[in-house]
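K.L.:
Sharing structure_9.cif, mmCIF, C-alpha atoms:
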```cif
data_input
loop_
_atom_site.group_PDB
_atom_site.id
_atom_site.type_symbol
_atom_site.label_atom_id
_atom_site.label_comp_id
_atom_site.auth_asym_id
_atom_site.auth_seq_id
_atom_site.Cartn_x
_atom_site.Cartn_y
_atom_site.Cartn_z
ATOM 1 C CA MET A 1 61.967 321.694 -13.763
ATOM 2 C CA ALA A 2 58.655 323.005 -12.430
ATOM 3 C CA ASP A 3 56.718 325.527 -14.483
ATOM 4 C CA THR A 4 56.718 328.869 -12.652
ATOM 5 C CA THR A 5 54.673 330.804 -15.227
ATOM 6 C CA PHE A 6 51.780 331.217 -12.811
ATOM 7 C CA GLY A 7 53.753 331.599 -9.582
ATOM 8 C CA PRO A 8 54.328 329.128 -6.748
ATOM 9 C CA LYS A 9 50.651 328.170 -6.445
ATOM 10 C CA GLY A 10 50.306 327.533 -10.174
ATOM 11 C CA TRP A 11 47.245 328.400 -12.242
ATOM 12 C CA THR A 12 44.011 328.831 -10.288
ATOM 13 C CA PRO A 13 40.589 330.230 -11.249
ATOM 14 C CA ASN A 14 41.527 333.443 -9.407
ATOM 15 C CA ARG A 15 43.191 334.436 -12.686
ATOM 16 C CA LEU A 16 39.836 334.477 -14.477
ATOM 17 C CA GLY A 17 38.003 337.684 -15.202
ATOM 18 C CA SER A 18 34.442 337.800 -16.472
ATOM 19 C CA LEU A 19 33.565 335.143 -19.055
ATOM 20 C CA ALA A 20 30.237 336.780 -19.920
ATOM 21 C CA GLY A 21 29.447 336.280 -23.593
ATOM 22 C CA LYS A 22 31.565 333.118 -23.834
ATOM 23 C CA THR A 23 30.122 329.668 -24.541
ATOM 24 C CA TYR A 24 31.825 326.446 -23.467
ATOM 25 C CA VAL A 25 30.730 323.035 -24.734
ATOM 26 C CA ILE A 26 31.956 320.172 -22.541
ATOM 27 C CA THR A 27 31.592 316.405 -22.766
ATOM 28 C CA GLY A 28 30.915 314.646 -19.484
ATOM 29 C CA GLY A 29 29.939 317.868 -17.752
ATOM 30 C CA ASN A 30 27.553 316.359 -15.228
ATOM 31 C CA ALA A 31 30.062 314.694 -12.865
ATOM 32 C CA GLY A 32 33.632 314.839 -11.601
ATOM 33 C CA ALA A 33 36.075 317.322 -13.098
ATOM 34 C CA GLY A 34 33.664 318.150 -15.932
ATOM 35 C CA PHE A 35 30.994 319.245 -13.462
ATOM 36 C CA GLU A 36 33.537 321.308 -11.518
ATOM 37 C CA ALA A 37 34.743 322.952 -14.742
ATOM 38 C CA SER A 38 31.117 323.777 -15.599
ATOM 39 C CA ARG A 39 30.721 325.362 -12.147
ATOM 40 C CA ILE A 40 33.785 327.558 -12.651
ATOM 41 C CA PHE A 41 32.632 328.734 -16.102
ATOM 42 C CA LEU A 42 29.148 329.552 -14.792
ATOM 43 C CA SER A 43 30.569 331.363 -11.756
ATOM 44 C CA LYS A 44 32.253 333.767 -14.218
ATOM 45 C CA GLY A 45 29.091 334.373 -16.242
ATOM 46 C CA ALA A 46 29.719 332.052 -19.197
ATOM 47 C CA GLN A 47 27.205 329.819 -20.949
ATOM 48 C CA VAL A 48 27.782 326.066 -20.607
ATOM 49 C CA VAL A 49 26.407 323.333 -22.852
ATOM 50 C CA MET A 50 27.056 319.835 -21.516
ATOM 51 C CA LEU A 51 27.133 316.773 -23.772
ATOM 52 C CA ASN A 52 26.374 313.808 -21.516
ATOM 53 C CA ARG A 53 25.232 310.217 -21.840
ATOM 54 C CA SER A 54 22.701 310.209 -18.982
ATOM 55 C CA ALA A 55 19.694 312.508 -19.340
ATOM 56 C CA GLU A 56 18.725 311.815 -15.722
ATOM 57 C CA LYS A 57 22.121 312.810 -14.280
ATOM 58 C CA SER A 58 22.301 315.796 -16.622
ATOM 59 C CA THR A 59 18.908 317.090 -15.523
ATOM 60 C CA ALA A 60 20.001 316.774 -11.880
ATOM 61 C CA ALA A 61 23.275 318.584 -12.662
ATOM 62 C CA VAL A 62 21.447 321.456 -14.386
ATOM 63 C CA VAL A 63 19.088 321.781 -11.391
ATOM 64 C CA ALA A 64 22.026 321.824 -8.960
ATOM 65 C CA LEU A 65 23.904 324.444 -11.003
ATOM 66 C CA LYS A 66 20.844 326.696 -11.294
ATOM 67 C CA GLU A 67 20.317 326.385 -7.548
ATOM 68 C CA GLU A 68 23.912 327.523 -7.010
ATOM 69 C CA PHE A 69 24.143 330.261 -9.652
ATOM 70 C CA GLY A 70 20.520 331.347 -10.065
ATOM 71 C CA THR A 71 17.731 330.473 -12.461
ATOM 72 C CA ASP A 72 19.252 332.759 -15.101
ATOM 73 C CA ALA A 73 22.446 330.663 -15.244
ATOM 74 C CA GLU A 74 22.885 329.629 -18.863
ATOM 75 C CA VAL A 75 23.431 325.903 -18.541
ATOM 76 C CA SER A 76 21.879 323.165 -20.632
ATOM 77 C CA PHE A 77 22.665 319.706 -21.945
ATOM 78 C CA VAL A 78 22.372 317.700 -25.123
ATOM 79 C CA ARG A 79 22.215 313.938 -24.709
ATOM 80 C CA MET A 80 25.166 312.228 -26.363
ATOM 81 C CA ASP A 81 26.723 308.794 -26.017
ATOM 82 C CA LEU A 82 30.348 309.049 -27.167
ATOM 83 C CA SER A 83 30.500 305.285 -27.687
ATOM 84 C CA ASP A 84 27.793 305.484 -30.393
ATOM 85 C CA LEU A 85 28.788 307.475 -33.479
ATOM 86 C CA ALA A 86 25.150 307.920 -34.557
ATOM 87 C CA SER A 87 24.496 309.556 -31.168
ATOM 88 C CA VAL A 88 27.608 311.750 -31.573
ATOM 89 C CA ARG A 89 26.458 312.896 -35.010
ATOM 90 C CA ALA A 90 22.919 313.617 -33.790
ATOM 91 C CA ALA A 91 24.226 315.590 -30.788
ATOM 92 C CA ALA A 92 26.620 317.586 -32.969
ATOM 93 C CA ASP A 93 23.739 318.436 -35.335
ATOM 94 C CA GLU A 94 21.678 319.594 -32.349
ATOM 95 C CA VAL A 95 24.560 321.772 -31.099
ATOM 96 C CA LEU A 96 24.988 323.305 -34.556
ATOM 97 C CA LYS A 97 21.269 324.150 -34.595
ATOM 98 C CA THR A 98 21.096 325.613 -31.092
ATOM 99 C CA VAL A 99 24.552 326.911 -30.096
ATOM 100 C CA PRO A 100 25.586 329.816 -32.355
ATOM 101 C CA GLN A 101 29.036 330.282 -30.820
ATOM 102 C CA ILE A 102 31.604 327.890 -29.324
ATOM 103 C CA ASP A 103 34.585 329.511 -27.597
ATOM 104 C CA ALA A 104 35.957 326.155 -26.486
ATOM 105 C CA LEU A 105 35.008 322.516 -26.919
ATOM 106 C CA ILE A 106 36.356 320.544 -23.957
ATOM 107 C CA CYS A 107 36.787 316.816 -24.587
ATOM 108 C CA ASN A 108 36.485 315.816 -20.948
ATOM 109 C CA ALA A 109 34.373 312.629 -20.893
ATOM 110 C CA ALA A 110 36.078 309.244 -20.773
ATOM 111 C CA ILE A 111 35.740 305.663 -19.659
ATOM 112 C CA ALA A 112 38.674 303.884 -18.019
ATOM 113 C CA GLN A 113 40.068 300.510 -17.037
ATOM 114 C CA VAL A 114 37.160 298.495 -18.461
ATOM 115 C CA PRO A 115 37.985 295.067 -16.967
ATOM 116 C CA THR A 116 37.067 292.825 -19.911
ATOM 117 C CA GLN A 117 36.954 293.585 -23.621
ATOM 118 C CA GLN A 118 33.728 295.346 -24.600
ATOM 119 C CA LEU A 119 32.807 296.546 -28.089
ATOM 120 C CA THR A 120 30.821 299.660 -28.966
ATOM 121 C CA VAL A 121 27.741 299.471 -31.175
ATOM 122 C CA ASP A 122 30.039 300.427 -34.063
ATOM 123 C CA GLY A 123 32.332 297.473 -33.312
ATOM 124 C CA PHE A 124 35.260 299.316 -31.687
ATOM 125 C CA GLU A 125 37.041 298.412 -28.469
ATOM 126 C CA SER A 126 35.049 300.451 -25.946
ATOM 127 C CA GLN A 127 37.802 302.685 -24.509
ATOM 128 C CA LEU A 128 39.257 303.633 -27.908
ATOM 129 C CA GLY A 129 35.771 303.966 -29.389
ATOM 130 C CA THR A 130 34.504 306.235 -26.606
ATOM 131 C CA ASN A 131 37.560 308.272 -25.681
ATOM 132 C CA HIS A 132 39.099 308.730 -29.130
ATOM 133 C CA TYR A 133 36.742 307.949 -32.026
ATOM 134 C CA GLY A 134 33.711 309.646 -30.440
ATOM 135 C CA HIS A 135 35.646 312.849 -29.782
ATOM 136 C CA PHE A 136 37.334 312.639 -33.215
ATOM 137 C CA VAL A 137 33.957 312.884 -34.960
ATOM 138 C CA LEU A 138 32.533 315.440 -32.504
ATOM 139 C CA CYS A 139 35.515 317.798 -32.943
ATOM 140 C CA GLY A 140 35.332 317.438 -36.706
ATOM 141 C CA MET A 141 31.613 318.227 -36.885
ATOM 142 C CA LEU A 142 31.879 321.265 -34.596
ATOM 143 C CA PHE A 143 35.207 322.520 -35.974
ATOM 144 C CA ASP A 144 33.869 325.254 -38.275
ATOM 145 C CA ARG A 145 31.677 326.661 -35.492
ATOM 146 C CA ILE A 146 34.730 326.788 -33.192
ATOM 147 C CA ASP A 147 36.821 328.353 -35.973
ATOM 148 C CA ALA A 148 34.192 331.069 -36.500
ATOM 149 C CA SER A 149 34.809 332.357 -32.963
ATOM 150 C CA LYS A 150 38.612 331.788 -33.081
ATOM 151 C CA GLY A 151 38.001 329.214 -30.390
ATOM 152 C CA ARG A 152 39.800 326.270 -28.858
ATOM 153 C CA ILE A 153 39.658 322.520 -28.576
ATOM 154 C CA VAL A 154 40.819 321.179 -25.216
ATOM 155 C CA VAL A 155 41.674 317.484 -25.021
ATOM 156 C CA VAL A 156 41.683 316.086 -21.492
ATOM 157 C CA ALA A 157 44.285 313.336 -21.602
ATOM 158 C CA SER A 158 45.830 311.236 -18.841
ATOM 159 C CA LEU A 159 49.239 310.386 -17.469
ATOM 160 C CA GLY A 160 48.215 306.889 -18.536
ATOM 161 C CA TYR A 161 49.545 307.740 -22.010
ATOM 162 C CA ASN A 162 52.991 306.961 -20.527
ATOM 163 C CA MET A 163 52.027 303.413 -19.642
ATOM 164 C CA GLY A 164 51.269 300.445 -21.845
ATOM 165 C CA ILE A 165 53.012 300.046 -25.203
ATOM 166 C CA LYS A 166 53.508 303.799 -25.872
ATOM 167 C CA THR A 167 52.241 303.519 -29.434
ATOM 168 C CA ILE A 168 49.119 302.404 -31.324
ATOM 169 C CA GLN A 169 48.594 298.682 -31.871
ATOM 170 C CA PHE A 170 47.490 299.105 -35.486
ATOM 171 C CA ASP A 171 47.491 295.374 -36.281
ATOM 172 C CA ASP A 172 44.858 294.686 -33.589
ATOM 173 C CA MET A 173 43.180 297.913 -32.474
ATOM 174 C CA ASN A 174 40.410 296.055 -30.671
ATOM 175 C CA TRP A 175 42.992 294.061 -28.685
ATOM 176 C CA ASP A 176 41.312 290.759 -29.550
ATOM 177 C CA LYS A 177 44.529 288.852 -28.795
ATOM 178 C CA ASN A 178 45.919 290.576 -25.697
ATOM 179 C CA TYR A 179 43.174 292.637 -24.026
ATOM 180 C CA SER A 180 44.164 294.107 -20.662
ATOM 181 C CA ALA A 181 42.324 297.013 -19.046
ATOM 182 C CA ASN A 182 45.209 299.372 -18.307
ATOM 183 C CA PRO A 183 47.268 299.145 -21.532
ATOM 184 C CA VAL A 184 44.098 299.578 -23.596
ATOM 185 C CA TYR A 185 43.078 302.644 -21.590
ATOM 186 C CA SER A 186 46.608 303.996 -22.047
ATOM 187 C CA GLN A 187 46.333 303.541 -25.800
ATOM 188 C CA SER A 188 42.982 305.348 -25.916
ATOM 189 C CA LYS A 189 44.411 308.392 -24.101
ATOM 190 C CA LEU A 190 47.571 308.359 -26.230
ATOM 191 C CA ALA A 191 45.314 308.300 -29.297
ATOM 192 C CA GLN A 192 43.494 311.401 -28.039
ATOM 193 C CA MET A 193 46.786 313.235 -27.571
ATOM 194 C CA MET A 194 48.054 312.179 -30.991
ATOM 195 C CA PHE A 195 44.813 313.436 -32.522
ATOM 196 C CA ALA A 196 45.355 316.836 -30.874
ATOM 197 C CA TYR A 197 48.995 317.176 -31.920
ATOM 198 C CA GLU A 198 48.302 315.993 -35.477
ATOM 199 C CA LEU A 199 45.425 318.477 -35.734
ATOM 200 C CA GLN A 200 47.847 321.225 -34.678
ATOM 201 C CA ASP A 201 50.159 320.186 -37.508
ATOM 202 C CA ARG A 202 47.330 320.103 -40.054
ATOM 203 C CA LEU A 203 46.201 323.608 -39.117
ATOM 204 C CA LYS A 204 49.666 325.107 -39.709
ATOM 205 C CA GLY A 205 49.739 327.192 -42.854
ATOM 206 C CA THR A 206 45.928 327.313 -43.132
ATOM 207 C CA VAL A 207 43.644 330.286 -42.484
ATOM 208 C CA LYS A 208 41.893 328.358 -39.699
ATOM 209 C CA ASP A 209 42.102 329.982 -36.272
ATOM 210 C CA VAL A 210 41.549 327.226 -33.718
ATOM 211 C CA SER A 211 43.998 326.546 -30.887
ATOM 212 C CA ILE A 212 44.398 322.972 -29.633
ATOM 213 C CA TYR A 213 45.505 322.314 -26.053
ATOM 214 C CA VAL A 214 46.159 319.083 -24.179
ATOM 215 C CA CYS A 215 45.948 318.695 -20.412
ATOM 216 C CA HIS A 216 45.440 316.062 -17.753
ATOM 217 C CA PRO A 217 43.796 316.291 -14.302
ATOM 218 C CA GLY A 218 46.454 314.456 -12.304
ATOM 219 C CA ALA A 219 45.047 312.026 -9.759
ATOM 220 C CA SER A 220 41.613 313.405 -8.924
ATOM 221 C CA ALA A 221 38.737 312.042 -6.874
ATOM 222 C CA THR A 222 36.215 311.640 -9.696
ATOM 223 C CA SER A 223 33.846 308.796 -10.545
ATOM 224 C CA LEU A 224 35.832 307.714 -13.620
ATOM 225 C CA ILE A 225 37.412 304.572 -12.145
ATOM 226 C CA SER A 226 34.479 303.736 -9.886
ATOM 227 C CA SER A 227 32.074 303.810 -12.827
ATOM 228 C CA SER A 228 34.001 301.651 -15.314
ATOM 229 C CA GLY A 229 36.938 299.931 -13.576
ATOM 230 C CA GLY A 230 37.052 296.347 -12.293
ATOM 231 C CA LEU A 231 36.597 295.464 -8.617
ATOM 232 C CA MET A 232 40.304 295.432 -7.640
ATOM 233 C CA THR A 233 40.956 298.652 -9.552
ATOM 234 C CA ARG A 234 37.998 300.304 -7.834
ATOM 235 C CA LEU A 235 39.106 299.108 -4.403
ATOM 236 C CA THR A 236 42.713 300.255 -4.914
ATOM 237 C CA TRP A 237 41.503 303.622 -6.181
ATOM 238 C CA TRP A 238 39.103 304.020 -3.237
ATOM 239 C CA LEU A 239 41.982 303.422 -0.819
ATOM 240 C CA MET A 240 44.259 305.823 -2.729
ATOM 241 C CA SER A 241 41.556 308.493 -2.743
ATOM 242 C CA LYS A 242 41.763 308.630 1.034
ATOM 243 C CA THR A 243 45.453 309.651 0.836
ATOM 244 C CA PRO A 244 47.071 313.021 0.059
ATOM 245 C CA MET A 245 48.154 311.624 -3.353
ATOM 246 C CA VAL A 246 44.664 312.244 -4.711
ATOM 247 C CA GLN A 247 43.307 315.768 -5.052
ATOM 248 C CA THR A 248 39.704 316.969 -5.285
ATOM 249 C CA ALA A 249 37.685 316.888 -8.509
ATOM 250 C CA GLU A 250 37.612 320.698 -8.359
ATOM 251 C CA ARG A 251 41.414 320.892 -8.471
ATOM 252 C CA GLY A 252 41.362 318.239 -11.166
ATOM 253 C CA SER A 253 39.287 320.626 -13.303
ATOM 254 C CA TYR A 254 41.812 323.478 -13.181
ATOM 255 C CA PRO A 255 43.947 322.302 -16.143
ATOM 256 C CA GLU A 256 40.990 322.068 -18.518
ATOM 257 C CA VAL A 257 39.569 325.422 -17.412
ATOM 258 C CA MET A 258 43.007 326.987 -17.847
ATOM 259 C CA CYS A 259 43.378 325.513 -21.342
ATOM 260 C CA ALA A 260 39.920 326.813 -22.280
ATOM 261 C CA THR A 261 40.565 330.375 -21.104
ATOM 262 C CA GLU A 262 44.206 331.357 -20.494
ATOM 263 C CA ASP A 263 46.120 333.328 -23.136
ATOM 264 C CA GLY A 264 49.734 332.642 -24.059
ATOM 265 C CA LEU A 265 49.767 328.864 -23.595
ATOM 266 C CA GLU A 266 51.897 326.619 -25.784
ATOM 267 C CA GLN A 267 50.084 324.191 -28.054
ATOM 268 C CA ARG A 268 52.685 321.410 -28.308
ATOM 269 C CA ALA A 269 52.603 320.858 -24.565
ATOM 270 C CA LEU A 270 50.887 318.923 -21.785
ATOM 271 C CA TYR A 271 49.357 320.983 -18.973
ATOM 272 C CA GLY A 272 48.418 319.683 -15.542
ATOM 273 C CA PRO A 273 49.632 319.403 -11.958
ATOM 274 C CA THR A 274 53.403 319.837 -11.622
ATOM 275 C CA GLY A 275 53.952 318.358 -8.143
ATOM 276 C CA LEU A 276 55.284 314.927 -7.174
ATOM 277 C CA MET A 277 54.881 312.517 -10.138
ATOM 278 C CA GLN A 278 52.564 315.195 -11.607
ATOM 279 C CA THR A 279 49.608 313.656 -9.764
ATOM 280 C CA GLY A 280 48.901 316.886 -7.864
ATOM 281 C CA GLY A 281 50.378 320.232 -6.942
ATOM 282 C CA PRO A 282 50.486 323.584 -8.755
ATOM 283 C CA VAL A 283 48.968 323.582 -12.240
ATOM 284 C CA GLY A 284 51.254 324.511 -15.121
ATOM 285 C CA LYS A 285 53.183 323.008 -18.021
ATOM 286 C CA GLY A 286 54.252 319.457 -17.299
ATOM 287 C CA THR A 287 56.445 316.884 -19.009
ATOM 288 C CA LEU A 288 55.463 315.790 -22.516
ATOM 289 C CA ASN A 289 57.197 312.662 -23.735
ATOM 290 C CA PRO A 290 58.014 312.512 -27.465
ATOM 291 C CA HIS A 291 56.222 309.233 -28.181
ATOM 292 C CA ALA A 292 52.985 311.262 -27.856
ATOM 293 C CA TYR A 293 53.818 313.143 -31.063
ATOM 294 C CA ASP A 294 55.557 310.472 -33.141
ATOM 295 C CA LYS A 295 54.732 311.875 -36.575
ATOM 296 C CA ASP A 296 54.444 308.610 -38.506
ATOM 297 C CA VAL A 297 52.125 307.133 -35.892
ATOM 298 C CA MET A 298 50.023 310.330 -35.664
ATOM 299 C CA GLU A 299 49.514 310.455 -39.432
ATOM 300 C CA LYS A 300 48.594 306.781 -39.613
ATOM 301 C CA LEU A 301 46.192 307.101 -36.672
ATOM 302 C CA TRP A 302 44.451 310.014 -38.413
ATOM 303 C CA ARG A 303 43.974 307.960 -41.598
ATOM 304 C CA VAL A 304 42.781 304.923 -39.630
ATOM 305 C CA SER A 305 40.399 307.104 -37.591
ATOM 306 C CA GLU A 306 38.824 308.659 -40.693
ATOM 307 C CA GLU A 307 38.311 305.208 -42.234
ATOM 308 C CA ALA A 308 36.983 303.631 -39.028
ATOM 309 C CA THR A 309 34.485 306.402 -38.303
ATOM 310 C CA ASP A 310 33.605 307.127 -41.950
ATOM 311 C CA PHE A 311 34.247 310.797 -41.176
ATOM 312 C CA SER A 312 36.624 312.934 -43.227
ATOM 313 C CA TRP A 313 37.911 316.192 -41.805
ATOM 314 C CA GLU A 314 37.925 319.139 -44.180
ATOM 315 C CA ILE A 315 40.712 321.506 -43.175
#
```
Output the structure of this file as structure tokens.
P.N.:
Amino acid sequence: MADTTFGPKGWTPNRLGSLAGKTYVITGGNAGAGFEASRIFLSKGAQVVMLNRSAEKSTAAVVALKEEFGTDAEVSFVRMDLSDLASVRAAADEVLKTVPQIDALICNAAIAQVPTQQLTVDGFESQLGTNHYGHFVLCGMLFDRIDASKGRIVVVASLGYNMGIKTIQFDDMNWDKNYSANPVYSQSKLAQMMFAYELQDRLKGTVKDVSIYVCHPGASATSLISSSGGLMTRLTWWLMSKTPMVQTAERGSYPEVMCATEDGLEQRALYGPTGLMQTGGPVGKGTLNPHAYDKDVMEKLWRVSEEATDFSWEI
């Protein structure tokens, strides 16, 4: 049943009024859907702080955005490598020093379909370490700043959570025995969703005022696969991207912008395109399968994540 909350065309940025006075912090804001989300926020007068791995690409992105929106456009970046927890901690400290208000933290950056097992500097499987553990620590360190402005955390997930083993392989989280690019990516995105839904549960009954939303971009023409996938994956994706199945990166950014700005959304939900197979079409509330909020698994993942990252959330 398609979501008709926002009419037949679904949610679009036309619903946005002025965002002047708002500050959005976004990981991976210098390319793909993250860059397009940054453009939309800036076009409405908001401030954008990008947390990106590449200083060179970030500098180019800031230049391009200031060319488009004027030299007064409030856009900046802090260098951060999500796969390196020391870098995440340093970037979060820098944000806390320089960004007095966070209306939404958008966990947009990700790596995908890494063809052979790679480990992060902290010893984690690279997709889980980057997509989940890095964001887990970042959200925890910035949480009080977000809470102070009654802000939001937006987790950009993937329909990939429905593939693979549909749970967390706790007995071998680095997949030493059975590494395969797609199931491991699926687990990393499922872990991000479970983090979001468990955080929702932990905030119930507290005085904290942070809303947590989960979305996915559908099938969008971004550099995600081309930058970390294997040759066959990249080739298949390139061919698919020439078909109507794959939408633009700008359209792929709509769900995360909506989750960062729109009032009245449900928290225990998955937002994204609602068309055929939910790869494209009008943006609204999609299908959320219950394995994404299996309570026992969510609670265990939270404990494992705190131990692995040596970071304890204080809620």
K.L.:
With 4 Å of padding per side, what axis-aligned box (centre and edge lengths, Å, one decimal) covers all the listed atoms of stretch 209-213 of chain A? Give it as JSON.
P.N.:
```
{"center_x": 43.5, "center_y": 326.1, "center_z": -31.2, "size_x": 12.0, "size_y": 15.7, "size_z": 18.2}
```
K.L.:
I'd like the residues picked by the PyMOL selection byres ((chain A and resi 304) around 12) written out as a PyMOL selection string, using the chain letters and numbers from the file.
P.N.:
chain A and resi 132-133+136+168-171+173+191+195+297-303+305-312
K.L.:
Please compute the atom CA of A:Leu203-atom CA of A:Ala110 distance, one decimal, in Å.
P.N.:
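It comes out at 25.4 Å.
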K.L.:
Compile the contact shell of A:Glu256 as a ChimeraX atom specification: residues with an atom at most 12 Å away, counting all atoms listed in the file, same-chain residues fewer than 3 positions apart removed.
P.N.:
/A:11-13,24,26-27,29,33-38,40-41,104-109,152-158,212-218,249-253,259-262,270-273,283-284
K.L.:
With C-alpha atoms retained, export the selected residues as a PDB file, in the frame of the given file.
P.N.:
```
ATOM      1  CA  TRP A  11      47.245 328.400 -12.242  1.00  0.00           C
ATOM      2  CA  THR A  12      44.011 328.831 -10.288  1.00  0.00           C
ATOM      3  CA  PRO A  13      40.589 330.230 -11.249  1.00  0.00           C
ATOM      4  CA  TYR A  24      31.825 326.446 -23.467  1.00  0.00           C
ATOM      5  CA  ILE A  26      31.956 320.172 -22.541  1.00  0.00           C
ATOM      6  CA  THR A  27      31.592 316.405 -22.766  1.00  0.00           C
ATOM      7  CA  GLY A  29      29.939 317.868 -17.752  1.00  0.00           C
ATOM      8  CA  ALA A  33      36.075 317.322 -13.098  1.00  0.00           C
ATOM      9  CA  GLY A  34      33.664 318.150 -15.932  1.00  0.00           C
ATOM     10  CA  PHE A  35      30.994 319.245 -13.462  1.00  0.00           C
ATOM     11  CA  GLU A  36      33.537 321.308 -11.518  1.00  0.00           C
ATOM     12  CA  ALA A  37      34.743 322.952 -14.742  1.00  0.00           C
ATOM     13  CA  SER A  38      31.117 323.777 -15.599  1.00  0.00           C
ATOM     14  CA  ILE A  40      33.785 327.558 -12.651  1.00  0.00           C
ATOM     15  CA  PHE A  41      32.632 328.734 -16.102  1.00  0.00           C
ATOM     16  CA  ALA A 104      35.957 326.155 -26.486  1.00  0.00           C
ATOM     17  CA  LEU A 105      35.008 322.516 -26.919  1.00  0.00           C
ATOM     18  CA  ILE A 106      36.356 320.544 -23.957  1.00  0.00           C
ATOM     19  CA  CYS A 107      36.787 316.816 -24.587  1.00  0.00           C
ATOM     20  CA  ASN A 108      36.485 315.816 -20.948  1.00  0.00           C
ATOM     21  CA  ALA A 109      34.373 312.629 -20.893  1.00  0.00           C
ATOM     22  CA  ARG A 152      39.800 326.270 -28.858  1.00  0.00           C
ATOM     23  CA  ILE A 153      39.658 322.520 -28.576  1.00  0.00           C
ATOM     24  CA  VAL A 154      40.819 321.179 -25.216  1.00  0.00           C
ATOM     25  CA  VAL A 155      41.674 317.484 -25.021  1.00  0.00           C
ATOM     26  CA  VAL A 156      41.683 316.086 -21.492  1.00  0.00           C
ATOM     27  CA  ALA A 157      44.285 313.336 -21.602  1.00  0.00           C
ATOM     28  CA  SER A 158      45.830 311.236 -18.841  1.00  0.00           C
ATOM     29  CA  ILE A 212      44.398 322.972 -29.633  1.00  0.00           C
ATOM     30  CA  TYR A 213      45.505 322.314 -26.053  1.00  0.00           C
ATOM     31  CA  VAL A 214      46.159 319.083 -24.179  1.00  0.00           C
ATOM     32  CA  CYS A 215      45.948 318.695 -20.412  1.00  0.00           C
ATOM     33  CA  HIS A 216      45.440 316.062 -17.753  1.00  0.00           C
ATOM     34  CA  PRO A 217      43.796 316.291 -14.302  1.00  0.00           C
ATOM     35  CA  GLY A 218      46.454 314.456 -12.304  1.00  0.00           C
ATOM     36  CA  ALA A 249      37.685 316.888  -8.509  1.00  0.00           C
ATOM     37  CA  GLU A 250      37.612 320.698  -8.359  1.00  0.00           C
ATOM     38  CA  ARG A 251      41.414 320.892  -8.471  1.00  0.00           C
ATOM     39  CA  GLY A 252      41.362 318.239 -11.166  1.00  0.00           C
ATOM     40  CA  SER A 253      39.287 320.626 -13.303  1.00  0.00           C
ATOM     41  CA  CYS A 259      43.378 325.513 -21.342  1.00  0.00           C
ATOM     42  CA  ALA A 260      39.920 326.813 -22.280  1.00  0.00           C
ATOM     43  CA  THR A 261      40.565 330.375 -21.104  1.00  0.00           C
ATOM     44  CA  GLU A 262      44.206 331.357 -20.494  1.00  0.00           C
ATOM     45  CA  LEU A 270      50.887 318.923 -21.785  1.00  0.00           C
ATOM     46  CA  TYR A 271      49.357 320.983 -18.973  1.00  0.00           C
ATOM     47  CA  GLY A 272      48.418 319.683 -15.542  1.00  0.00           C
ATOM     48  CA  PRO A 273      49.632 319.403 -11.958  1.00  0.00           C
ATOM     49  CA  VAL A 283      48.968 323.582 -12.240  1.00  0.00           C
ATOM     50  CA  GLY A 284      51.254 324.511 -15.121  1.00  0.00           C
TER      51      GLY A 284
END
```
K.L.:
How many Å lie between atom CA of A:Thr23 and atom CA of A:Gln101, rounded to one decimal?
P.N.:
6.4 Å
K.L.:
Show me a table, sorted first by chain and then by increasing residue number, of the residues of stretch 239-298 of chain A having an atom at most 8 Å from stretch 3-10 of chain A, each with its shortest atom pair and the distance in Å to one decimal, counting only C-alpha atoms and written as CSV.
P.N.:
```
residue,atom,partner,partner_atom,distance
A:Thr274,CA,A:Asp3,CA,7.2
A:Gly281,CA,A:Lys9,CA,8.0
A:Pro282,CA,A:Gly10,CA,4.2
A:Val283,CA,A:Gly10,CA,4.7
A:Gly284,CA,A:Asp3,CA,5.6
A:Lys285,CA,A:Asp3,CA,5.6
A:Gly286,CA,A:Asp3,CA,7.1
```
K.L.:
Using the chain letters and numbers from the file, give me the residues hit by the PyMOL selection byres ((chain A and resi 89) around 12), as a PyMOL selection string.
P.N.:
chain A and resi 51+78-88+90-96+133-142+309-311
K.L.:
Could you name the residues that touch stretch 63-65 of chain A at 10 Å or less, counting all atoms listed in the file, but leaving out those on the same chain fewer than 3 positions away, as a VMD selection string?
P.N.:
chain A and resid 30 35 38 to 39 42 to 43 57 to 60 68 to 71 73 to 76
K.L.:
Could you check the closest approach to A:Ser149 for each of A:Val121, A:Met194, A:Ala112, A:Val210 and tell me which residue wins, using only C-alpha atoms?
P.N.:
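Nearest candidate to A:Ser149 out of A:Val121, A:Met194, A:Ala112, A:Val210: A:Val210.
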K.L.:
Rank A:Gly28, A:Gly160, A:Gly275, A:Gly129 by their smallest atom-to-atom distance to A:Arg53, using all atoms listed in the file, and report the top residue only.
P.N.:
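For A:Arg53, the nearest of the given residues is A:Gly28.
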K.L.:
Quick one: apply the PyMOL selection byres ((chain A and resi 174) around 9) to the file and drop the selected residues here as a ChimeraX atom specification.
P.N.:
/A:117,119,123-126,128,169,172-173,175-177,179,184
K.L.:
Return the single residue from A:Val49, A:Val114, A:Met163, A:Ala31 that is closest to A:Thr98, with distances computed using all atoms listed in the file.
P.N.:
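With all atoms listed in the file as the atom set, the closest residue is A:Val49.
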K.L.:
List as a list in words: which residues have an atom within 10 Å of (51.7, 300.0, -19.2), counting all atoms listed in the file?
P.N.:
Gly160, Tyr161, Asn162, Met163, Gly164, Ile165, Lys166, Ser180, Ala181, Asn182, Pro183, Val184, Tyr185, Ser186 and Gln187 of chain A
K.L.:
With distances taken over all atoms listed in the file, which of A:Ile315, A:Leu16, A:Val25, A:Ala61 is nearest to A:Gly205?
P.N.:
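Answer, going by the shortest atom-to-atom distance: A:Ile315.
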K.L.:
Please compute the atom CA of A:Thr130-atom CA of A:Ser188 distance, one decimal, in Å.
P.N.:
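The value is 8.6 Å.
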